[in-house]
Each structure stands twice: as structure tokens, then as C-alpha cells.
Amino acid sequence: MIDFGYGLTPSATLRIEQVSNPAFEELHQREPDVVKCIACGSCAASCAAGCFTEMNLRKVILSLQRGREKETLPMLRHCMLCGKCQLVCPRGINTRHLILSIGKVYGLEETGL
Amino acid sequence: MMKERILAAYDPFVLPFVFGMTFVLCYCFFALVKVLVQLSAADRRKFFLSLITPTTIVKNLKDIFCDCLLHVKLWKRNKVLGYMHSSIAFGWFMIIIIGHIETILYIPERLHKLYYPIFFRYFMEVQNETLQGSFFFFLMDFFLLIILSGITLAIIKRFRSRIVGMRRTTKLTLTDRIGLYSLWAIFPLRWIAEGFTAGVAGGSFMTIPINWLLHNFMSKPENITVAWWAYSVALGTFMTVLPFTRYMHIPAEILLIPMRNAGLPVRHSRKGFSLAMLYACPSCGVCIDACPMGVQKKNVKDATVYMVRNLKRRNARRSLEIAEKCLMCGKCAALCQVQMDACGLRLAYRTALENKENKIPADYGYLETVEGPRISDEKVLYYGGCMSSLTPVVSRSVQQVLRHAGVDFTLMDKDGSICCGRPLMLAGRQEDANKLIARNRQIIEDSGARILLVSCAICYRIFKQHYDLIGVEVMHYTEYFDRLIREGKLKVKDSHRSYVYHDPCDLGRGCGIYDAPRSALQAVGQLLPAAKEREESICCGGSVGSLTLRYEDREPITRAAIDNLMAAGPEQIVTACPLCLKTFSRYAPVPVVDFAQVLAENLDNPS
């Protein structure tokens with residue numbers, strides 16, 4: 001590969017595919033749709049709980065992918081599972097099952113919340 | 001006159017039957033005790049009280065006679081299957097009864113012997129014919145003929161199920177097969193055995209001819225014991241395997257009917273009332289053809305009959321899969337011959353799982369900050385629900401119609417709504433759902449409204465069945481608008497269009513509303529029938545009931561449902577649920593419109 005001189009130094013590179021995130025792997029097994037998310041935010045825009053709280057499924061999925069579940073797991077406590085996000089999702093993600101699966105893989109206590 | 005032919009009143013061939021019968025009676029007794037012990041104390045009390053309530057006693061007896069013996073429900077659905085089942089059940093019952101009557105009349109001192117009425121023809125012989133005696137002989141042969149005709153149909157059905165109108169039948173287990181073949185063998189063997197005794201002890205129009213026809217074989221005395229042994233072994237085998245086969249439904253239904261009539265709820269997926277239900281499943285397979293997921297072959301084994309089988313076997317992996325995949329449309333339950341609460345069992349499974357495994361407890365503290373409207377002079381409170389807010393045409397049309405009819409109304413969820421709670425309930429989070437229900441109930445009751453108008457079938461069902469609203473009438477907009485039209489308050493004009501109406505699962509099978517939307521639509525245009533409608537309508541595939549069914553797997557269901565609706569070639573598909581509206585709109589070849597939209601477009605002198 002030609003080195004154009006713009007490369008990052010190894011110490012500044014974040015190889016996300018090499019980061020071990022077993023909880024996310026388990027979530028992916030339970031609900032394969034989780035990797036389909038394009039973070040468009042339709043779910044957050046239509047969310048019934050989002051009307052009254054900071055609930056935002058897009059943020060939850062992103063933070064789980066990055067292994068930073070502490071930031072967003074408490075949001076899920078407000079979810080009413082109404083399923084509007086599932087209807088608007090352009091990727092056809094089974095969001096209700098995703099949320100139910102997150103509740104089984106990640107625990108508030110285990111995460112220290 | 002009759003007299004005893006075998007003075008000892010015993011022969012070793014009765015042993016297989018006696019063993020089988022004793023075993024099945026003991027098994028049923030212990031199963032009964034198990035079911036009763038597993039009931040909660042309150043449920044048990046309720047059940048016992050219902051057993052001594054005169055009206056319930058009458059209903060129980062009537063239901064047991066009509067369902068278990070005559071199979072009235074099956075007759076209404078399929079005459080051939082109805083005849084097949086009732087001929088075997090009622091015919092066998094009558095043979096047992098007549099055997100007992102004969103024993104009581106002619107030799108009452110033998111009645112205490114379990115086998116005597118069953119093998120009456122072997123032990124007794126005719127001395128001189130009387131009218132009464134011949135009458136019993138005739139009856140016995142008559143019912144034997146009826147049963148044999150039923151068995152013939154059963155054999156045909158096993159090999160060519162389409163002849164009796166079933167596309168798919170249940171895949172039988174090994175024990176089911178043993179039970180089935182021994183059941184098929186019982187009555188032909190009985191015919192042959194009684195043919196032997198017809199030569200020496202008397203018979204009628206079935207048994208005497210067979211004695212003549214097979215005279216060479218039947219005149220040999222050494223063959224007679226072989227024939228009666230074979231008959232007894234067939235009976236004994238059937239009785240012994242019965243508890244482990246689908247034939248357990250025969251005794252279990254007699255328990256299930258009173259339990260159902262007592263109004264017991266499903267509290268667990270395989271204990272108490274549910275256990276009685278699992279035992280009562282005859283594995284007939286009606287639910288296989290009924291299930292909308294069956295359009296894909298890979299889902300065939302997710303029908304209720306297989307759910308029951310896996311629950312019985314404690315197969316946790318498959319039970320979970322089936323419990324979570326189901327759309328909860330309730331069609332299998334509506335068609336079920338033993339009225340299995342298929343959705344209830346699945347819901348109990350989901351609830352137990354969520355209670356055990358969910359590690360993120362809900363926090364609905366914010367609900368208290370949601371303000372509801374206060375209305376003084378208005379009477380109607382309109383709740384659109386979550387789904388209606390994604391299909392604004394629904395709530396806009398409802399409001400247009402209400403204004404046209406001069407109805408005073410207020411929106412309950414103008415600035416975002418609290419969910420009705422049914423999706424949570426369907427996901428197995430019953431306690432969380434109760435929190436939503438409690439807050440919504442408070443908002444509704446505090447508003448001062450008399451009528452709660454709902455435009456979503458899912459919300460309507462839970463408002464109607466779980467809210468217990470005091471002083472507020474919950475109405476689905478199809479009911480309400482139909483009433484307005486009939487009272488002359490809402491004037492609509494003919495659209496000169498043809499429509500087909502789709503029964504949403506929660507509205508039709510869930511709440512029994514079939515006629516109101518149809519009568520209102522007939523006022524606007526021509527209503528065409530769907531291939532299958534009312535309680536047999538096919539789920540749109542968008543149901544929030546299914547937790548794991550993927551987007552791609554919902555499409556074939558939706559397409560099948562649309563094909564069903566398009567049977568008579570309507571110009572528009574009308575539905576009364578925003579979720580069905582959204583789901584159908586993706587694939588339908590003709591416009592899909594909401595019920596309120598149809599009315600709103602055809603108001604007389606729009607205001």
C-alpha cells in the first residue's frame with residue numbers, strides 16, 4: 001500500500017474490530033438486527049417515551065457498539081415498548097426484540113448503575 | 001331370555017383389558033389431583049364453587065355432551081370430520097352404556113366386574129329370543145356399524161387428509177401411532193370376536209352375517225379364544241398408551257370444560273388450569289392450517305399443537321422459540337375444538353421469562369408529569385394512541401367525522417400519549433403494563449369524559465378488558481360512527497365504490513366486533529366479502545404480538561392476507577387498525593384506507 005503520509009501513528013489508531021466486546025457479541029447473537037442500524041434517528045424522533053424523557057434508541061445502540069453502555073442504559077428504563085420505532089425504522093430492525101434482548105444481556109447492576 | 005354361558009364369569013383373555021383400564025383410571029386420578037393441587041387456593045375455591053352452582057352444572061353437562069360426544073362445534077365447521085369424530089365418540093359411548101344396561105337387566109350380580117359389560121357377548125348366550133333382547137342386539141350392532149364407518153373415514157383421512165378438507169395434519173409421535181393403530185384395530189376385532197359368539201350365543205345384522213361369511217374359520221372352537229384375546233389386547237394397548245398420546249384429550253376434556261366454565265385464568269404455561277389444557281389438546285392440527293405464519297414452511301412447526309407438545313415435554317428451547325414468535329392473532333384459539341387459550345399459554349411463558357431474566361427494571365416516574373385534559377361540557381375523549389400518531393390520516397379523519405356529526409370532543413394525547421400498555425403486556429411485562437394502565441386510567445377518569453373514543457384496535461382491546469373504567473364507556477370508532485349513522489346524526493353519501501373490510505385481530509377475535517364496521521361501510525358503498533373473514537380473518541403480519549418474527553418473514557404473511565382480501569376484486573381495502581393500515585399499504589395492489597377515512601371522504605354536505 002502506498003504511504004501518502006496521512007496515516008495515523010499506531011498509538012493514535014483505534015481498531016474497533018479488534019476491541020473485545022463480549023456483551024455486544026451476545027446481544028448480536030440474540031438479535032442480529034442490531035448491526036443493521038444506520039443511526040438515522042427515526043426511532044428517537046418517533047419515540048413515545050422520548051416525548052417526555054431523554055430516551056433515544058439511536059444513542060443506545062451507538063453506545064453499546066462502542067462498549068460505553070453506562071452512558072445510555074438507564075434511558076431504556078423509560079421505554080414503553082409501544083413499537084413505533086419498529087414501524088418507522090428504514091432498516092426494518094426488530095427494535096422491540098432488541099430492547100428486550102438488551103435487558104437480558106446488560107444489567108443495570110452488573111454495569112454498576 | 002339370556003343366561004350365563006361361562007359359569008365362572010371369567011376368562012384369562014380379559015386381563016389385558018383389565019390392566020389397561022386400571023392403569024388409565026389410576027393415571028387420570030393422579031393427573032386430576034396434580035391439576036387441582038397446582039391451582040392457587042382462590043382458583044380452586046372458585047372451581048369447586050362453580051361445581052355446585054346449578055346454572056354452571058347445567059352448562060357443564062350440556063358442553064360435555066355436545067363437545068365431547070357429539071362434537072357439535074366440529075360439525076359446524078366440517079361435516080365429514082364432525083361425523084368421523086362423533087361416530088366414534090358417541091358410538092363407543094353408547095356401546096359401553098348399552099353393555100351396562102344389559103348387565104343390569106340380565107345379570108346385575110356381575111356388574112361389579114369391570115370387564116363384564118365390555119365382554120358381555122362372550123359370557124352370555126340367548127336361550128329364547130325376546131323382543132327386548134333382540135332390540136339390544138340390534139342396537140349394539142347398529143352402533144358398531146356407526147363406529148366402523150367412522151374408523152374407515154379416519155383411515156382415509158390419515159392417508160389423504162385433503163379429502164376431509166385439511167391441508168396439513170399433525171406429525172404424530174411414536175406413541176400417538178401406537179394409540180392410533182390400536183384404536184383402529186379395536187372395532188374390527190370386536191366385530192370378528194362377536195361374530196364368533198353370534199354362532200353360539202346370538203347376534204344381529206352385523207355379527208350374524210360375518211359368522212356366515214367366515215363360517216369355515218368361525219366354526220372352529222379353538223379360534224374363538226384367539227379372537228377375544230386379540231380384541232382385549234387391542235383395548236388394553238390403547239388404554240395403556242392413552243395417557244402418553246393425544247387420546248389423553250378424551251378424559252382431560254371432561255375436566256377442562258368445567259374448569260373453563262368456572263372462568264379460571266391462565267396463570268402459568270404448564271401448571272394447574274394450563275396443565276388440564278395441555279392434556280386436552282387432541283393434536284387435531286386445525287391450528288396448523290389456521291396459523292398465518294404457515295405460509296412459510298419453516299414456520300409450520302410453530303403452530304399451537306407443537307407448542308403444546310413442547311410444553312408437555314418440557315423442551316424449553318423450542319417452547320421459548322414458539323412462544324416468542326407467535327403473532328398473537330388468536331385465530332388458532334378461535335378455531336380450536338377444545339378452546340385452547342393458545343395466546344394465554346404463550347403470554348404466561350413470556351411473562352415468566354421476563355420476570356426472571358430482565359435486568360433493566362422499568363422506571364415510569366415521568367408518567368406523573370403527563371397532564372391530561374379537563375373537560376366539563378364535552379362528552380367524548382378521543383385517544384388516538386401511538387400507532388395513530390404515525391398514521392395522521394386516521395386521527396385527522398376521525399376528527400373530521402366528529403365535527404361533521406357535531407360531536408363535542410377533546411384529544412387526550414395531543415402532545416404525545418402514554419402507551420395503552422398492551423405492547424408491554426404482550427412482551428411479558430405485565431407489571432410494567434399495570435403502571436401505564438393505572439396512570440392512563442387516572443387521566444381518563446379525572447377528565448370527566450363519558451365516552452372514551454379509540455381508533456386503534458390494540459388499544460381498544462386493553463381499554464375494554466383490563467382498565468375497568470368507572471363511569472366511562474369505551475368505544476371503538478367503528479362502533480361509535482355506526483351508532484351515529486343509525487341515529488341519523490352522521491350523514492354519509494354513496495361513494496359508488498366497492499370495499500373489502502379487514503377484521504383486525506384485536507378488534508374481531510379479540511373483542512367480537514364484526515358487524516358495526518360492516519354496517520357503516522354498507523352505508524357508504526358496496527361491501528365485498530373476503531375469502532376468509534370474521535373469526536377466520538388473517539392477521540396482517542404487522543402485529544406487535546410477535547417478538548422475534550423478522551421484517552422479511554412478515555412480508556409473506558402480509559401478502560397472503562392481501563390475497564385473501566382481494567378474492568372478490570374490491571377497489572379499496574378498508575381496515576380499522578392503524579397498524580394494519582401501515583402494514584398493508586406496503587404491498588397492496590389497491591389503495592388501503594382507514595375506516596374513518598372512508599367516512600370522512602364521503603360525508604354528506606361536508607362542513
# chains A, B, ... in the order shown; residues from 1 in each chain; ligands from 1

$ residues_around --residues "Val35 (chain A)" --least-positions-apart "5" --cutoff "10 Å" --atoms "only C-alpha atoms" --output "PDB file with C-alpha atoms, in the first residue's frame"
ATOM      1  CA  PHE A  24     -22.317  -6.840  22.402  1.00  0.00           C
ATOM      2  CA  LEU A  27     -26.557  -9.202  22.007  1.00  0.00           C
ATOM      3  CA  HIS A  28     -25.737  -9.660  18.348  1.00  0.00           C
ATOM      4  CA  ILE A  61     -27.291   1.303  20.004  1.00  0.00           C
ATOM      5  CA  LEU A  62     -24.266   3.507  19.266  1.00  0.00           C
ATOM      6  CA  GLN A  65     -21.433  -0.774  19.874  1.00  0.00           C
ATOM      7  CA  ILE A  93     -34.836  -3.605  12.673  1.00  0.00           C
TER       8      ILE A  93
END

$ closest_atom_pairs --of "chain A" --to "chain B" --cutoff "12 Å" --atoms "only C-alpha atoms" --output "tab-separated table"
residue	atom	partner	partner_atom	distance
A:Arg30	CA	B:Thr548	CA	9.7
A:Glu31	CA	B:Thr548	CA	8.5
A:Pro32	CA	B:Arg550	CA	10.1
A:Asp33	CA	B:Arg550	CA	8.9
A:Ser42	CA	B:Leu390	CA	11.7
A:Cys43	CA	B:Leu390	CA	11.7
A:Ala45	CA	B:Leu390	CA	11.1
A:Ser46	CA	B:Leu390	CA	7.9
A:Cys47	CA	B:Cys386	CA	9.0
A:Ala48	CA	B:Gly416	CA	6.6
A:Ala49	CA	B:Ile418	CA	7.7
A:Gly50	CA	B:Gly416	CA	9.3
A:Cys51	CA	B:Gly416	CA	6.2
A:Phe52	CA	B:Tyr366	CA	6.9
A:Thr53	CA	B:Tyr366	CA	7.3
A:Glu54	CA	B:Tyr366	CA	10.8
A:Met55	CA	B:Tyr366	CA	11.5
A:Thr72	CA	B:Ile360	CA	11.8
A:Leu73	CA	B:Ile360	CA	8.0
A:Pro74	CA	B:Ile360	CA	7.9
A:Met75	CA	B:Asp363	CA	9.1
A:Leu76	CA	B:Ile360	CA	7.5
A:Arg77	CA	B:Ala362	CA	4.2
A:His78	CA	B:Asp363	CA	5.5
A:Cys79	CA	B:Ala362	CA	7.5
A:Met80	CA	B:Leu424	CA	6.5
A:Leu81	CA	B:Leu424	CA	5.7
A:Cys82	CA	B:Pro423	CA	5.4
A:Gly83	CA	B:Val544	CA	6.9
A:Lys84	CA	B:Met387	CA	6.6
A:Cys85	CA	B:Leu390	CA	10.0
A:Gln86	CA	B:Val544	CA	9.4
A:Leu87	CA	B:Lys582	CA	8.3
A:Val88	CA	B:Leu390	CA	8.3
A:Cys89	CA	B:Tyr551	CA	10.4
A:Pro90	CA	B:Tyr551	CA	10.8
A:Arg91	CA	B:Tyr551	CA	9.0
A:Gly92	CA	B:Tyr551	CA	5.7
A:Ile93	CA	B:Tyr551	CA	7.2
A:Asn94	CA	B:Arg550	CA	6.5
A:Thr95	CA	B:Leu547	CA	9.3
A:Arg96	CA	B:Leu547	CA	6.9
A:His97	CA	B:Leu547	CA	5.5
A:Leu98	CA	B:Thr548	CA	9.2
A:Ile99	CA	B:Ile360	CA	9.9
A:Leu100	CA	B:Asn358	CA	7.5
A:Ser101	CA	B:Asn358	CA	8.4
A:Ile102	CA	B:Ile360	CA	8.3
A:Gly103	CA	B:Asn358	CA	5.0
A:Lys104	CA	B:Asn358	CA	5.0
A:Val105	CA	B:Lys359	CA	7.9
A:Tyr106	CA	B:Lys359	CA	6.9
A:Gly107	CA	B:Lys359	CA	4.5
A:Leu108	CA	B:Ile360	CA	5.7
A:Glu109	CA	B:Lys359	CA	7.8
A:Glu110	CA	B:Lys359	CA	8.9
A:Thr111	CA	B:Lys359	CA	10.4
A:Gly112	CA	B:Ile360	CA	11.9
A:Leu113	CA	B:Ile360	CA	10.1

$ select_by_dssp --residues "region 251-459 of chain B" --states "helix (DSSP H, G or I)" --output "ChimeraX atom specification"
/B:251-261,273-280,286-290,292-295,297-302,304-312,316-325,331-335,342-357,365-369,385-390,392-404,422-426,430-447,457-459

$ residues_around --residues "Leu275 (chain B)" --least-positions-apart "2" --cutoff "10 Å" --atoms "only C-alpha atoms" --output "short mmCIF file (atom, residue, chain, number, x, y, z; two decimals) with C-alpha atoms, in the first residue's frame"
data_model
loop_
_atom_site.label_atom_id
_atom_site.label_comp_id
_atom_site.auth_asym_id
_atom_site.auth_seq_id
_atom_site.Cartn_x
_atom_site.Cartn_y
_atom_site.Cartn_z
CA ALA B 31 -53.33 -36.23 36.96
CA LEU B 32 -56.55 -34.77 38.36
CA LYS B 34 -51.94 -32.80 40.31
CA VAL B 35 -54.01 -30.24 38.40
CA LEU B 36 -56.09 -29.39 41.48
CA GLN B 38 -51.33 -26.75 41.27
CA LEU B 39 -54.28 -24.35 41.21
CA ALA B 252 -58.98 -34.38 30.01
CA LEU B 256 -61.28 -28.86 31.11
CA VAL B 266 -54.19 -18.95 32.74
CA HIS B 268 -48.68 -20.48 34.25
CA SER B 269 -47.65 -22.07 30.98
CA ARG B 270 -47.86 -25.65 32.21
CA LYS B 271 -49.39 -25.81 35.66
CA GLY B 272 -52.91 -26.13 37.01
CA PHE B 273 -55.55 -24.99 34.54
CA MET B 277 -55.47 -27.62 28.74
CA LEU B 278 -52.26 -29.30 27.59
CA TYR B 279 -53.74 -32.72 28.33
CA ALA B 280 -56.92 -31.76 26.47
CA VAL B 308 -48.43 -27.85 23.48
CA LEU B 311 -44.53 -27.64 26.82
CA LYS B 312 -45.56 -31.17 27.79
#

$ residues_around --residues "Lys301 (chain B)" --least-positions-apart "5" --cutoff "9 Å" --atoms "only C-alpha atoms" --output "list of chain:residue names"
B:Ile288, B:Gly294, B:Tyr306, B:Met307, B:Ile322

$ write_last_selection --atoms "N, CA and C atoms" --output "PDB file, in the first residue's frame"
ATOM      1  N   ILE B 288     -52.787 -25.751  12.657  1.00  0.00           N
ATOM      2  CA  ILE B 288     -51.676 -25.674  11.696  1.00  0.00           C
ATOM      3  C   ILE B 288     -52.123 -24.914  10.446  1.00  0.00           C
ATOM      4  N   GLY B 294     -47.954 -20.012   8.745  1.00  0.00           N
ATOM      5  CA  GLY B 294     -47.818 -21.248   7.976  1.00  0.00           C
ATOM      6  C   GLY B 294     -47.551 -21.028   6.496  1.00  0.00           C
ATOM      7  N   TYR B 306     -47.820 -27.823  18.298  1.00  0.00           N
ATOM      8  CA  TYR B 306     -46.425 -28.150  18.625  1.00  0.00           C
ATOM      9  C   TYR B 306     -45.966 -27.409  19.885  1.00  0.00           C
ATOM     10  N   MET B 307     -46.561 -26.234  20.116  1.00  0.00           N
ATOM     11  CA  MET B 307     -46.295 -25.516  21.371  1.00  0.00           C
ATOM     12  C   MET B 307     -46.707 -26.413  22.544  1.00  0.00           C
ATOM     13  N   ILE B 322     -41.263 -20.810  20.114  1.00  0.00           N
ATOM     14  CA  ILE B 322     -42.641 -20.724  19.628  1.00  0.00           C
ATOM     15  C   ILE B 322     -43.393 -19.627  20.371  1.00  0.00           C
TER      16      ILE B 322
END

$ residues_around --residues "region 13-23 of chain B" --least-positions-apart "6" --cutoff "6 Å" --atoms "only C-alpha atoms" --output "PyMOL selection string"
chain B and resi 229+232-233+235-236+239-240

$ write_last_selection --atoms "C-alpha atoms" --output "mmCIF file, in the first residue's frame"
data_model
loop_
_atom_site.group_PDB
_atom_site.id
_atom_site.type_symbol
_atom_site.label_atom_id
_atom_site.label_comp_id
_atom_site.auth_asym_id
_atom_site.auth_seq_id
_atom_site.Cartn_x
_atom_site.Cartn_y
_atom_site.Cartn_z
ATOM 1 C CA TRP B 229 -57.778 -62.264 23.139
ATOM 2 C CA SER B 232 -58.861 -57.499 24.580
ATOM 3 C CA VAL B 233 -55.196 -56.888 23.720
ATOM 4 C CA LEU B 235 -58.280 -52.493 24.081
ATOM 5 C CA GLY B 236 -55.552 -52.996 26.669
ATOM 6 C CA MET B 239 -55.762 -47.872 27.356
ATOM 7 C CA THR B 240 -52.150 -48.327 28.436
#

$ closest_residue --among "B:Asp594, B:Asp43, B:Asp141, B:Asp553" --to "Val393 (chain B)" --atoms "only C-alpha atoms"
B:Asp594

$ atom_distance --atom1 "CA of Asp289 (chain B)" --atom2 "CA of Asn310 (chain B)"
18.9 Å

$ residues_around --residues "Ala185 (chain B)" --least-positions-apart "6" --cutoff "10 Å" --atoms "only C-alpha atoms" --output "PyMOL selection string"
chain B and resi 151+179+230-231+233-235+238

$ residues_around --residues "region 46-61 of chain B" --least-positions-apart "4" --cutoff "8 Å" --atoms "only C-alpha atoms" --output "ChimeraX atom specification"
/B:42,65,257-259,261-262,264

$ closest_residue --among "A:Glu71, A:Arg15, A:Asp3, A:Arg58" --to "Lys36 (chain A)" --atoms "only C-alpha atoms"
A:Arg58

$ atom_distance --atom1 "CA of Ile88 (chain B)" --atom2 "CA of Gly150 (chain B)"
5.7 Å

$ decode --residues "region 496-581 of chain B" --atoms "C-alpha atoms" --output "short mmCIF file (atom, residue, chain, number, x, y, z; two decimals), in the first residue's frame"
data_model
loop_
_atom_site.label_atom_id
_atom_site.label_comp_id
_atom_site.auth_asym_id
_atom_site.auth_seq_id
_atom_site.Cartn_x
_atom_site.Cartn_y
_atom_site.Cartn_z
CA HIS B 496 -70.16 4.14 -5.74
CA ARG B 497 -67.06 2.20 -4.76
CA SER B 498 -66.54 -1.38 -3.71
CA TYR B 499 -64.71 -2.17 -0.49
CA VAL B 500 -63.45 -5.17 1.37
CA TYR B 501 -63.18 -4.96 5.12
CA HIS B 502 -60.27 -6.48 7.02
CA ASP B 503 -61.06 -7.62 10.57
CA PRO B 504 -58.15 -6.54 12.79
CA CYS B 505 -57.26 -9.40 15.15
CA ASP B 506 -57.69 -7.47 18.37
CA LEU B 507 -61.00 -5.94 17.28
CA GLY B 508 -62.60 -9.03 15.74
CA ARG B 509 -61.40 -12.13 17.54
CA GLY B 510 -60.22 -10.03 20.47
CA CYS B 511 -63.41 -8.08 21.16
CA GLY B 512 -66.01 -9.68 18.91
CA ILE B 513 -66.73 -6.55 16.83
CA TYR B 514 -67.55 -7.69 13.33
CA ASP B 515 -70.86 -6.11 12.40
CA ALA B 516 -70.52 -2.41 13.31
CA PRO B 517 -67.80 -1.61 10.75
CA ARG B 518 -69.58 -3.63 8.08
CA SER B 519 -72.94 -1.97 8.57
CA ALA B 520 -71.33 1.51 8.46
CA LEU B 521 -69.41 0.66 5.29
CA GLN B 522 -72.56 -0.61 3.62
CA ALA B 523 -73.99 2.87 4.08
CA VAL B 524 -71.13 4.30 2.03
CA GLY B 525 -70.52 1.75 -0.72
CA GLN B 526 -70.64 -1.83 -1.79
CA LEU B 527 -69.06 -4.24 0.67
CA LEU B 528 -67.47 -7.29 -0.92
CA PRO B 529 -66.56 -10.41 1.04
CA ALA B 530 -63.03 -11.66 1.64
CA ALA B 531 -62.19 -15.32 1.10
CA LYS B 532 -61.84 -15.77 4.85
CA GLU B 533 -63.28 -13.19 7.21
CA ARG B 534 -64.68 -12.53 10.68
CA GLU B 535 -63.17 -15.00 13.16
CA GLU B 536 -61.20 -16.59 10.33
CA SER B 537 -59.66 -13.35 9.10
CA ILE B 538 -55.91 -13.49 8.51
CA CYS B 539 -53.50 -11.36 10.54
CA CYS B 540 -51.88 -8.55 8.55
CA GLY B 541 -48.46 -9.67 9.75
CA GLY B 542 -47.60 -6.36 11.41
CA SER B 543 -48.72 -7.45 14.86
CA VAL B 544 -46.81 -6.25 17.91
CA GLY B 545 -47.66 -9.66 19.37
CA SER B 546 -44.67 -11.32 17.76
CA LEU B 547 -41.38 -10.58 19.42
CA THR B 548 -38.95 -12.37 17.15
CA LEU B 549 -40.57 -12.55 13.73
CA ARG B 550 -38.28 -10.64 11.41
CA TYR B 551 -39.24 -7.95 8.94
CA GLU B 552 -38.53 -10.18 5.93
CA ASP B 553 -40.62 -13.01 7.36
CA ARG B 554 -43.60 -10.74 7.90
CA GLU B 555 -43.87 -9.90 4.22
CA PRO B 556 -45.19 -13.31 3.03
CA ILE B 557 -47.83 -13.18 5.78
CA THR B 558 -48.95 -9.72 4.69
CA ARG B 559 -49.08 -10.81 1.06
CA ALA B 560 -51.16 -13.88 1.93
CA ALA B 561 -53.55 -11.70 3.91
CA ILE B 562 -53.86 -9.29 0.98
CA ASP B 563 -54.56 -12.14 -1.46
CA ASN B 564 -57.29 -13.28 0.89
CA LEU B 565 -58.83 -9.79 0.91
CA MET B 566 -58.58 -9.35 -2.86
CA ALA B 567 -60.61 -12.51 -3.57
CA ALA B 568 -63.68 -10.63 -4.84
CA GLY B 569 -61.72 -7.84 -6.53
CA PRO B 570 -62.58 -4.79 -4.39
CA GLU B 571 -61.50 -1.27 -5.35
CA GLN B 572 -60.22 -0.47 -1.86
CA ILE B 573 -59.16 -2.36 1.25
CA VAL B 574 -60.61 -0.89 4.43
CA THR B 575 -59.21 -1.61 7.86
CA ALA B 576 -59.94 -0.30 11.32
CA CYS B 577 -56.48 -0.50 12.88
CA PRO B 578 -53.62 1.90 12.15
CA LEU B 579 -51.09 -0.92 12.34
CA CYS B 580 -52.90 -3.00 9.70
CA LEU B 581 -53.19 0.15 7.59
#
